[in-house]
file query_33.tsv (TSV, C-alpha atoms)
chain	number	residue	atom	x	y	z
A	21	MET	CA	87.93	108.02	78.48
A	22	SER	CA	91.18	107.88	76.49
A	23	GLY	CA	89.92	105.06	74.30
A	24	LEU	CA	88.32	102.93	77.04
A	25	GLU	CA	84.75	101.97	76.18
A	26	VAL	CA	82.05	101.00	78.70
A	27	ALA	CA	79.22	98.54	78.14
A	28	ILE	CA	76.78	97.88	80.99
A	29	LEU	CA	74.48	94.87	80.93
A	30	PRO	CA	71.98	94.51	83.82
A	31	VAL	CA	71.74	90.83	84.78
A	32	THR	CA	69.76	88.61	87.17
A	33	PRO	CA	66.44	89.54	88.83
A	34	PHE	CA	68.48	91.97	90.96
A	35	GLU	CA	69.32	94.08	87.86
A	36	GLN	CA	73.01	94.07	88.70
A	37	ASN	CA	75.24	96.07	86.36
A	38	CYS	CA	77.66	93.65	84.76
A	39	THR	CA	80.26	96.03	83.32
A	40	VAL	CA	82.53	95.42	80.34
A	41	LEU	CA	85.47	97.82	79.93
A	42	TYR	CA	87.55	97.53	76.78
A	43	ASP	CA	89.94	99.42	74.55
A	44	GLU	CA	88.17	100.69	71.42
A	45	ARG	CA	91.15	99.99	69.16
A	46	SER	CA	92.65	96.74	70.41
A	47	ARG	CA	89.27	95.41	71.65
A	48	ARG	CA	91.00	94.00	74.74
A	49	GLY	CA	89.19	94.33	78.04
A	50	VAL	CA	87.62	92.85	81.15
A	51	VAL	CA	84.24	91.76	82.45
A	52	ILE	CA	83.42	93.04	85.93
A	53	ASP	CA	80.87	91.29	88.16
A	54	PRO	CA	79.23	88.72	85.86
A	55	GLY	CA	76.42	87.81	88.25
A	56	GLY	CA	74.50	85.59	85.85
A	57	GLU	CA	73.01	85.27	82.37
A	58	VAL	CA	76.35	84.11	81.02
A	59	ASP	CA	75.00	83.60	77.49
A	60	ARG	CA	73.96	87.28	77.28
A	61	ILE	CA	77.35	88.45	78.53
A	62	ALA	CA	79.22	86.15	76.14
A	63	GLY	CA	76.97	87.34	73.32
A	64	LEU	CA	77.79	90.98	74.00
A	65	VAL	CA	81.51	90.20	74.07
A	66	THR	CA	81.31	88.28	70.79
A	67	GLU	CA	79.13	90.89	69.08
A	68	ARG	CA	81.61	93.66	69.89
A	69	GLY	CA	84.67	91.57	69.09
A	70	ILE	CA	86.16	91.93	72.56
A	71	THR	CA	89.03	89.76	73.78
A	72	VAL	CA	88.40	89.32	77.51
A	73	GLU	CA	91.72	89.21	79.34
A	74	ARG	CA	90.34	88.77	82.85
A	75	ILE	CA	87.20	88.70	84.97
A	76	LEU	CA	87.12	91.07	87.96
A	77	LEU	CA	84.89	90.69	91.03
A	78	THR	CA	84.15	93.52	93.45
A	79	HIS	CA	82.59	91.22	96.06
A	80	GLY	CA	81.06	87.82	96.65
A	81	HIS	CA	77.30	88.41	96.47
A	82	ILE	CA	75.39	86.13	94.13
A	83	ASP	CA	74.21	88.87	91.77
A	84	HIS	CA	77.83	89.94	91.21
A	85	ALA	CA	79.74	86.66	91.18
A	86	ALA	CA	77.47	83.69	90.37
A	87	GLY	CA	78.29	83.71	86.65
A	88	ALA	CA	82.06	84.12	86.96
A	89	ALA	CA	82.99	80.44	86.79
A	90	GLY	CA	80.58	79.78	83.94
A	91	LEU	CA	81.80	82.77	81.93
A	92	LYS	CA	85.41	81.76	82.46
A	93	ALA	CA	84.63	78.30	81.08
A	94	VAL	CA	82.91	79.74	77.99
A	95	LEU	CA	85.68	82.22	77.26
A	96	GLU	CA	88.36	79.55	77.58
A	97	ARG	CA	86.66	77.40	74.91
A	98	PRO	CA	87.72	79.08	71.64
A	99	ILE	CA	85.63	76.66	69.58
A	100	LEU	CA	82.48	78.27	71.01
A	101	SER	CA	83.54	81.84	70.33
A	102	ALA	CA	84.08	83.83	67.15
A	103	VAL	CA	86.59	85.94	69.03
A	104	PRO	CA	90.12	84.57	69.55
A	105	GLY	CA	90.99	84.87	73.20
A	106	PRO	CA	93.73	84.02	75.67
A	107	ALA	CA	94.26	80.41	76.67
A	108	THR	CA	93.15	81.28	80.20
A	109	VAL	CA	90.91	84.01	81.56
A	110	PRO	CA	91.85	84.55	85.22
A	111	ILE	CA	89.31	85.66	87.81
A	112	GLU	CA	90.71	88.39	90.07
A	113	GLY	CA	89.13	89.70	93.26
A	114	PRO	CA	87.59	90.27	95.63
A	115	HIS	CA	89.48	90.33	98.96
A	116	GLU	CA	89.74	86.89	100.54
A	117	ALA	CA	87.43	87.95	103.37
A	118	ASP	CA	84.58	87.17	100.93
A	119	ARG	CA	85.67	83.55	100.42
A	120	PHE	CA	82.70	82.27	102.48
A	121	LEU	CA	80.29	84.00	100.10
A	122	LEU	CA	81.95	82.65	96.95
A	123	GLU	CA	81.84	79.12	98.39
A	124	ALA	CA	78.06	79.36	98.89
A	125	LEU	CA	76.97	80.70	95.48
A	126	GLU	CA	75.34	77.45	94.34
A	127	GLU	CA	73.30	77.22	97.54
A	128	GLN	CA	72.23	80.85	97.20
A	129	GLY	CA	71.35	80.28	93.55
A	130	ARG	CA	68.85	77.61	94.57
A	131	MET	CA	67.38	79.98	97.15
A	132	TYR	CA	67.00	82.92	94.77
A	133	GLY	CA	66.22	81.02	91.59
A	134	ILE	CA	69.36	82.12	89.74
A	135	VAL	CA	70.05	79.45	87.15
A	136	GLY	CA	73.65	78.39	86.55
A	137	ALA	CA	75.12	79.81	89.78
A	138	ARG	CA	78.48	78.19	90.46
A	139	ASN	CA	80.87	78.44	93.38
A	140	VAL	CA	84.14	80.07	92.44
A	141	THR	CA	87.66	80.45	93.77
A	142	PRO	CA	89.49	83.39	92.21
A	143	ASP	CA	92.85	82.90	90.58
A	144	ARG	CA	94.00	85.97	92.49
A	145	TRP	CA	92.67	87.48	95.70
A	146	LEU	CA	93.10	91.24	95.90
A	147	VAL	CA	94.24	93.47	98.73
A	148	GLU	CA	94.54	97.21	99.26
A	149	GLY	CA	97.38	98.57	97.14
A	150	ASP	CA	97.18	95.93	94.40
A	151	GLN	CA	96.61	96.96	90.82
A	152	VAL	CA	94.61	95.33	88.04
A	153	ARG	CA	95.12	95.88	84.33
A	154	ILE	CA	92.27	96.80	82.00
A	155	ALA	CA	93.64	96.86	78.45
A	156	ASP	CA	96.56	99.33	78.73
A	157	HIS	CA	95.31	101.02	81.91
A	158	LEU	CA	96.20	100.22	85.51
A	159	PHE	CA	93.49	100.52	88.16
A	160	ASP	CA	94.28	100.73	91.87
A	161	VAL	CA	92.50	98.35	94.25
A	162	LEU	CA	90.89	99.86	97.36
A	163	HIS	CA	89.49	97.58	100.06
A	164	CYS	CA	86.12	99.01	101.12
A	165	PRO	CA	84.43	96.65	103.61
A	166	GLY	CA	81.00	97.14	105.13
A	167	HIS	CA	78.58	95.83	102.50
A	168	THR	CA	80.65	92.65	102.59
A	169	PRO	CA	83.92	92.06	104.46
A	170	GLY	CA	85.94	91.63	101.27
A	171	HIS	CA	84.48	94.27	98.98
A	172	VAL	CA	87.00	96.01	96.72
A	173	VAL	CA	86.68	98.85	94.21
A	174	PHE	CA	88.80	99.75	91.18
A	175	PHE	CA	90.09	103.27	90.54
A	176	SER	CA	92.02	104.83	87.66
A	177	ALA	CA	93.54	108.20	88.54
A	178	GLU	CA	94.47	108.62	84.86
A	179	LEU	CA	90.91	108.10	83.58
A	180	ARG	CA	89.18	109.63	86.64
A	181	LEU	CA	87.04	106.50	86.81
A	182	LEU	CA	85.85	104.45	89.79
A	183	VAL	CA	84.16	101.04	89.58
A	184	ALA	CA	82.37	101.05	92.93
A	185	GLY	CA	80.35	97.84	93.03
A	186	ASP	CA	77.83	98.08	95.87
A	187	VAL	CA	79.73	100.57	98.03
A	188	LEU	CA	78.29	103.80	96.63
A	189	PHE	CA	75.22	104.48	94.50
A	190	ARG	CA	73.57	107.60	93.15
A	191	GLY	CA	71.85	108.95	96.26
A	192	SER	CA	72.43	105.80	98.29
A	193	ILE	CA	74.97	103.32	99.67
A	194	GLY	CA	75.30	99.56	99.94
A	195	ARG	CA	73.16	97.58	102.35
A	196	THR	CA	74.72	96.65	105.67
A	197	ASP	CA	71.83	94.72	107.27
A	198	PHE	CA	73.47	91.35	106.64
A	199	PRO	CA	74.89	89.41	109.63
A	200	TYR	CA	78.38	90.27	108.37
A	201	GLY	CA	77.57	93.89	107.41
A	202	ASP	CA	79.28	96.81	109.08
A	203	HIS	CA	77.57	100.16	108.59
A	204	GLU	CA	80.27	102.27	110.21
A	205	ALA	CA	82.99	100.56	108.20
A	206	LEU	CA	81.11	101.31	104.98
A	207	LEU	CA	80.66	104.99	105.87
A	208	ALA	CA	84.33	105.25	106.78
A	209	ALA	CA	85.38	103.69	103.47
A	210	ILE	CA	83.28	106.19	101.53
A	211	ARG	CA	84.45	109.21	103.54
A	212	ASP	CA	88.10	108.28	103.86
A	213	LYS	CA	88.83	106.43	100.61
A	214	LEU	CA	86.32	107.40	97.93
A	215	TYR	CA	85.47	111.05	98.52
A	216	PRO	CA	89.14	112.14	98.58
A	217	LEU	CA	89.58	110.76	95.04
A	218	GLY	CA	88.11	113.99	93.68
A	219	ASP	CA	84.77	115.49	92.72
A	220	ASP	CA	85.42	114.97	89.01
A	221	VAL	CA	85.63	111.18	89.29
A	222	THR	CA	82.96	109.26	87.37
A	223	VAL	CA	81.46	106.39	89.39
A	224	LEU	CA	80.15	103.19	87.80
A	225	CYS	CA	77.74	101.63	90.28
A	226	GLY	CA	76.72	98.02	90.85
A	227	HIS	CA	73.04	98.90	90.43
A	228	GLY	CA	71.23	101.80	88.80
A	229	PRO	CA	72.71	104.84	87.06
A	230	GLY	CA	76.24	106.12	87.46
A	231	THR	CA	77.20	109.23	89.34
A	232	THR	CA	80.21	111.34	90.31
A	233	ILE	CA	82.08	111.68	93.56
A	234	GLY	CA	81.18	115.38	93.66
A	235	ARG	CA	77.46	114.73	93.35
A	236	GLU	CA	77.49	112.19	96.18
A	237	ARG	CA	79.77	114.19	98.44
A	238	ARG	CA	77.39	117.14	98.19
A	239	SER	CA	74.01	115.42	98.26
A	240	ASN	CA	74.14	111.77	99.31
A	241	PRO	CA	71.76	111.58	102.30
A	242	PHE	CA	73.70	108.75	103.94
A	243	VAL	CA	77.18	110.23	103.88
A	244	ARG	CA	78.05	113.76	102.83
A	245	GLY	CA	81.55	115.10	102.46
call {"tool": "encode", "arguments": {"input": "query_33.tsv", "output": "structure tokens"}}
result
Amino acid sequence: MSGLEVAILPVTPFEQNCTVLYDERSRRGVVIDPGGEVDRIAGLVTERGITVERILLTHGHIDHAAGAAGLKAVLERPILSAVPGPATVPIEGPHEADRFLLEALEEQGRMYGIVGARNVTPDRWLVEGDQVRIADHLFDVLHCPGHTPGHVVFFSAELRLLVAGDVLFRGSIGRTDFPYGDHEALLAAIRDKLYPLGDDVTVLCGHGPGTTIGRERRSNPFVRG
């Protein structure tokens, strides 16, 4: 993908795909959805010599966001890392509608037995039309509520790559049976925002294997094109 490498590390008992995207030459990149197991994520980053420029969150669920504050603290302590990094590592995303979830991560961590869960306030909330930088590539931010009110996804038209979080999976979609879930809003986001991106778009999912927009548009049993 034009020099952008992908490393996926399933974390927490929920097997959430923490995704690291980085430039193969400069080794600059981002960590997306560090839900937990911060030491493993930091170890992967150090082993590959990656300078993490920011942490991105698609939404506020514990398995996607509980390790963000802890990872930020580790990455901002150069003495603990063999990889020189920026003085600060900002956390960007999700949409502010997920603030209530991010403010309850520690409580949820106790409920689900996720060690090290910490509440977090992003350095930058994201809205539809924003862009985030991953190495030398700009990704558009799309607000796709339904699974959570503030869920966002990241899309690069140049790379034909979508980071979908828990909106769209291979053969499935995100859960909407939470008190704040909205099934119709999720279906609308997939139909109206994701499927028009193009059948050739590769989709990195928050759980399980990746897919393509074309595959899901043709065969996803929950929402077909």
call {"tool": "closest_residue", "arguments": {"input": "query_33.tsv", "among": "A:Ala117, A:Val173, A:Val221, A:Val109", "to": "Gly149 (chain A)", "atoms": "all atoms listed in the file"}}
result
A:Val173
call {"tool": "residues_near_point", "arguments": {"input": "query_33.tsv", "point": "(87.0, 93.2, 101.1)", "cutoff": "8 Å", "atoms": "only C-alpha atoms", "output": "PDB file with C-alpha atoms, in the coordinates of the input"}}
result
ATOM      1  CA  HIS A  79      82.590  91.220  96.060  1.00  0.00           C
ATOM      2  CA  PRO A 114      87.590  90.270  95.630  1.00  0.00           C
ATOM      3  CA  HIS A 115      89.480  90.330  98.960  1.00  0.00           C
ATOM      4  CA  GLU A 116      89.740  86.890 100.540  1.00  0.00           C
ATOM      5  CA  ALA A 117      87.430  87.950 103.370  1.00  0.00           C
ATOM      6  CA  ASP A 118      84.580  87.170 100.930  1.00  0.00           C
ATOM      7  CA  VAL A 147      94.240  93.470  98.730  1.00  0.00           C
ATOM      8  CA  HIS A 163      89.490  97.580 100.060  1.00  0.00           C
ATOM      9  CA  CYS A 164      86.120  99.010 101.120  1.00  0.00           C
ATOM     10  CA  PRO A 165      84.430  96.650 103.610  1.00  0.00           C
ATOM     11  CA  THR A 168      80.650  92.650 102.590  1.00  0.00           C
ATOM     12  CA  PRO A 169      83.920  92.060 104.460  1.00  0.00           C
ATOM     13  CA  GLY A 170      85.940  91.630 101.270  1.00  0.00           C
ATOM     14  CA  HIS A 171      84.480  94.270  98.980  1.00  0.00           C
ATOM     15  CA  VAL A 172      87.000  96.010  96.720  1.00  0.00           C
TER      16      VAL A 172
END
call {"tool": "closest_residue", "arguments": {"input": "query_33.tsv", "among": "A:Leu77, A:Ile52, A:Ala208, A:Val40", "to": "Arg244 (chain A)", "atoms": "all atoms listed in the file"}}
result
A:Ala208
call {"tool": "closest_residue", "arguments": {"input": "query_33.tsv", "among": "A:Glu25, A:Glu148, A:Glu73, A:Asp197", "to": "Asp43 (chain A)", "atoms": "all atoms listed in the file"}}
result
A:Glu25
call {"tool": "atom_distance", "arguments": {"input": "query_33.tsv", "atom1": "CA of Arg45 (chain A)", "atom2": "CA of Gly23 (chain A)"}}
result
7.3 Å
call {"tool": "residues_around", "arguments": {"input": "query_33.tsv", "residues": "Thr32 (chain A)", "least_positions_apart": "2", "cutoff": "10 Å", "atoms": "all atoms listed in the file", "output": "list in words"}}
result
Pro30, Phe34, Glu35, Gln36, Asn37, Cys38, Pro54, Gly55, Gly56, Glu57, Ile82, Asp83, His84, Ala86, Gly87, Tyr132, Gly133, Ile134 and Val135 of chain A
call {"tool": "write_last_selection", "arguments": {"input": "query_33.tsv", "atoms": "C-alpha atoms", "output": "PDB file, in the coordinates of the input"}}
result
ATOM      1  CA  PRO A  30      71.980  94.510  83.820  1.00  0.00           C
ATOM      2  CA  PHE A  34      68.480  91.970  90.960  1.00  0.00           C
ATOM      3  CA  GLU A  35      69.320  94.080  87.860  1.00  0.00           C
ATOM      4  CA  GLN A  36      73.010  94.070  88.700  1.00  0.00           C
ATOM      5  CA  ASN A  37      75.240  96.070  86.360  1.00  0.00           C
ATOM      6  CA  CYS A  38      77.660  93.650  84.760  1.00  0.00           C
ATOM      7  CA  PRO A  54      79.230  88.720  85.860  1.00  0.00           C
ATOM      8  CA  GLY A  55      76.420  87.810  88.250  1.00  0.00           C
ATOM      9  CA  GLY A  56      74.500  85.590  85.850  1.00  0.00           C
ATOM     10  CA  GLU A  57      73.010  85.270  82.370  1.00  0.00           C
ATOM     11  CA  ILE A  82      75.390  86.130  94.130  1.00  0.00           C
ATOM     12  CA  ASP A  83      74.210  88.870  91.770  1.00  0.00           C
ATOM     13  CA  HIS A  84      77.830  89.940  91.210  1.00  0.00           C
ATOM     14  CA  ALA A  86      77.470  83.690  90.370  1.00  0.00           C
ATOM     15  CA  GLY A  87      78.290  83.710  86.650  1.00  0.00           C
ATOM     16  CA  TYR A 132      67.000  82.920  94.770  1.00  0.00           C
ATOM     17  CA  GLY A 133      66.220  81.020  91.590  1.00  0.00           C
ATOM     18  CA  ILE A 134      69.360  82.120  89.740  1.00  0.00           C
ATOM     19  CA  VAL A 135      70.050  79.450  87.150  1.00  0.00           C
TER      20      VAL A 135
END
call {"tool": "atom_distance", "arguments": {"input": "query_33.tsv", "atom1": "CA of Arg237 (chain A)", "atom2": "CA of Leu146 (chain A)"}}
result
26.7 Å
call {"tool": "atom_distance", "arguments": {"input": "query_33.tsv", "atom1": "CA of Phe159 (chain A)", "atom2": "CA of Arg180 (chain A)"}}
result
10.2 Å
call {"tool": "closest_residue", "arguments": {"input": "query_33.tsv", "among": "A:Gly136, A:Tyr42, A:Arg119, A:Gly166", "to": "Asp202 (chain A)", "atoms": "all atoms listed in the file"}}
result
A:Gly166
call {"tool": "closest_residue", "arguments": {"input": "query_33.tsv", "among": "A:Ala124, A:Leu29, A:Ile233, A:Ile70", "to": "Val58 (chain A)", "atoms": "all atoms listed in the file"}}
result
A:Leu29
call {"tool": "residues_near_point", "arguments": {"input": "query_33.tsv", "point": "(80.1, 99.8, 97.9)", "cutoff": "10 Å", "atoms": "all atoms listed in the file", "output": "PDB file with C-alpha atoms, in the frame of the given file"}}
result
ATOM      1  CA  THR A  78      84.150  93.520  93.450  1.00  0.00           C
ATOM      2  CA  HIS A  79      82.590  91.220  96.060  1.00  0.00           C
ATOM      3  CA  HIS A 163      89.490  97.580 100.060  1.00  0.00           C
ATOM      4  CA  CYS A 164      86.120  99.010 101.120  1.00  0.00           C
ATOM      5  CA  PRO A 165      84.430  96.650 103.610  1.00  0.00           C
ATOM      6  CA  GLY A 166      81.000  97.140 105.130  1.00  0.00           C
ATOM      7  CA  HIS A 167      78.580  95.830 102.500  1.00  0.00           C
ATOM      8  CA  THR A 168      80.650  92.650 102.590  1.00  0.00           C
ATOM      9  CA  HIS A 171      84.480  94.270  98.980  1.00  0.00           C
ATOM     10  CA  VAL A 172      87.000  96.010  96.720  1.00  0.00           C
ATOM     11  CA  VAL A 173      86.680  98.850  94.210  1.00  0.00           C
ATOM     12  CA  VAL A 183      84.160 101.040  89.580  1.00  0.00           C
ATOM     13  CA  ALA A 184      82.370 101.050  92.930  1.00  0.00           C
ATOM     14  CA  GLY A 185      80.350  97.840  93.030  1.00  0.00           C
ATOM     15  CA  ASP A 186      77.830  98.080  95.870  1.00  0.00           C
ATOM     16  CA  VAL A 187      79.730 100.570  98.030  1.00  0.00           C
ATOM     17  CA  LEU A 188      78.290 103.800  96.630  1.00  0.00           C
ATOM     18  CA  PHE A 189      75.220 104.480  94.500  1.00  0.00           C
ATOM     19  CA  SER A 192      72.430 105.800  98.290  1.00  0.00           C
ATOM     20  CA  ILE A 193      74.970 103.320  99.670  1.00  0.00           C
ATOM     21  CA  GLY A 194      75.300  99.560  99.940  1.00  0.00           C
ATOM     22  CA  ARG A 195      73.160  97.580 102.350  1.00  0.00           C
ATOM     23  CA  THR A 196      74.720  96.650 105.670  1.00  0.00           C
ATOM     24  CA  LEU A 206      81.110 101.310 104.980  1.00  0.00           C
ATOM     25  CA  LEU A 207      80.660 104.990 105.870  1.00  0.00           C
ATOM     26  CA  ALA A 209      85.380 103.690 103.470  1.00  0.00           C
ATOM     27  CA  ILE A 210      83.280 106.190 101.530  1.00  0.00           C
ATOM     28  CA  LEU A 214      86.320 107.400  97.930  1.00  0.00           C
ATOM     29  CA  CYS A 225      77.740 101.630  90.280  1.00  0.00           C
ATOM     30  CA  GLY A 226      76.720  98.020  90.850  1.00  0.00           C
TER      31      GLY A 226
END
call {"tool": "closest_residue", "arguments": {"input": "query_33.tsv", "among": "A:Gly228, A:Val140, A:Leu122, A:Ala155", "to": "Val72 (chain A)", "atoms": "all atoms listed in the file"}}
result
A:Ala155
call {"tool": "residues_around", "arguments": {"input": "query_33.tsv", "residues": "Glu126 (chain A)", "least_positions_apart": "5", "cutoff": "7 Å", "atoms": "all atoms listed in the file", "output": "list in words"}}
result
Ala137, Arg138 and Asn139 of chain A
call {"tool": "residues_around", "arguments": {"input": "query_33.tsv", "residues": "Asp220 (chain A)", "least_positions_apart": "2", "cutoff": "12 Å", "atoms": "only C-alpha atoms", "output": "PyMOL selection string"}}
result
chain A and resi 177-182+214-218+222-223+231-237
call {"tool": "residues_around", "arguments": {"input": "query_33.tsv", "residues": "Pro110 (chain A)", "least_positions_apart": "4", "cutoff": "10 Å", "atoms": "all atoms listed in the file", "output": "list in words"}}
result
Val72, Glu73, Arg74, Ile75, Leu76, Ala88, Ala89, Lys92, Glu96, Pro106, Pro142, Asp143 and Arg144 of chain A
call {"tool": "residues_around", "arguments": {"input": "query_33.tsv", "residues": "Gln151 (chain A)", "least_positions_apart": "6", "cutoff": "10 Å", "atoms": "all atoms listed in the file", "output": "PyMOL selection string"}}
result
chain A and resi 157-162+174-176
call {"tool": "decode", "arguments": {"input": "query_33.tsv", "residues": "region 228-241 of chain A", "atoms": "N, CA and C atoms", "output": "mmCIF file, in the first residue's frame"}}
result
data_model
loop_
_atom_site.group_PDB
_atom_site.id
_atom_site.type_symbol
_atom_site.label_atom_id
_atom_site.label_comp_id
_atom_site.auth_asym_id
_atom_site.auth_seq_id
_atom_site.Cartn_x
_atom_site.Cartn_y
_atom_site.Cartn_z
ATOM 1 N N GLY A 228 -11.559 -10.012 14.081
ATOM 2 C CA GLY A 228 -11.565 -10.995 13.012
ATOM 3 C C GLY A 228 -10.794 -10.557 11.788
ATOM 4 N N PRO A 229 -10.966 -11.310 10.692
ATOM 5 C CA PRO A 229 -10.194 -11.034 9.468
ATOM 6 C C PRO A 229 -10.691 -9.786 8.754
ATOM 7 N N GLY A 230 -9.856 -9.272 7.875
ATOM 8 C CA GLY A 230 -10.243 -8.151 7.041
ATOM 9 C C GLY A 230 -11.149 -8.593 5.912
ATOM 10 N N THR A 231 -11.573 -7.610 5.122
ATOM 11 C CA THR A 231 -12.481 -7.914 4.020
ATOM 12 C C THR A 231 -12.335 -6.815 2.975
ATOM 13 N N THR A 232 -13.262 -6.763 2.039
ATOM 14 C CA THR A 232 -13.320 -5.663 1.077
ATOM 15 C C THR A 232 -14.752 -5.139 1.037
ATOM 16 N N ILE A 233 -14.889 -3.915 0.588
ATOM 17 C CA ILE A 233 -16.230 -3.362 0.441
ATOM 18 C C ILE A 233 -17.040 -4.201 -0.541
ATOM 19 N N GLY A 234 -16.425 -4.624 -1.644
ATOM 20 C CA GLY A 234 -17.146 -5.410 -2.639
ATOM 21 C C GLY A 234 -17.689 -6.706 -2.077
ATOM 22 N N ARG A 235 -16.885 -7.399 -1.313
ATOM 23 C CA ARG A 235 -17.325 -8.666 -0.711
ATOM 24 C C ARG A 235 -18.541 -8.446 0.177
ATOM 25 N N GLU A 236 -18.489 -7.409 1.019
ATOM 26 C CA GLU A 236 -19.601 -7.174 1.947
ATOM 27 C C GLU A 236 -20.836 -6.648 1.218
ATOM 28 N N ARG A 237 -20.642 -5.806 0.241
ATOM 29 C CA ARG A 237 -21.794 -5.275 -0.486
ATOM 30 C C ARG A 237 -22.558 -6.405 -1.181
ATOM 31 N N ARG A 238 -21.826 -7.399 -1.652
ATOM 32 C CA ARG A 238 -22.461 -8.507 -2.365
ATOM 33 C C ARG A 238 -23.045 -9.572 -1.445
ATOM 34 N N SER A 239 -22.401 -9.820 -0.290
ATOM 35 C CA SER A 239 -22.768 -11.012 0.461
ATOM 36 C C SER A 239 -23.053 -10.822 1.941
ATOM 37 N N ASN A 240 -22.836 -9.622 2.484
ATOM 38 C CA ASN A 240 -23.099 -9.443 3.909
ATOM 39 C C ASN A 240 -24.575 -9.652 4.198
ATOM 40 N N PRO A 241 -24.932 -10.599 5.074
ATOM 41 C CA PRO A 241 -26.349 -10.914 5.284
ATOM 42 C C PRO A 241 -27.134 -9.823 6.000
#
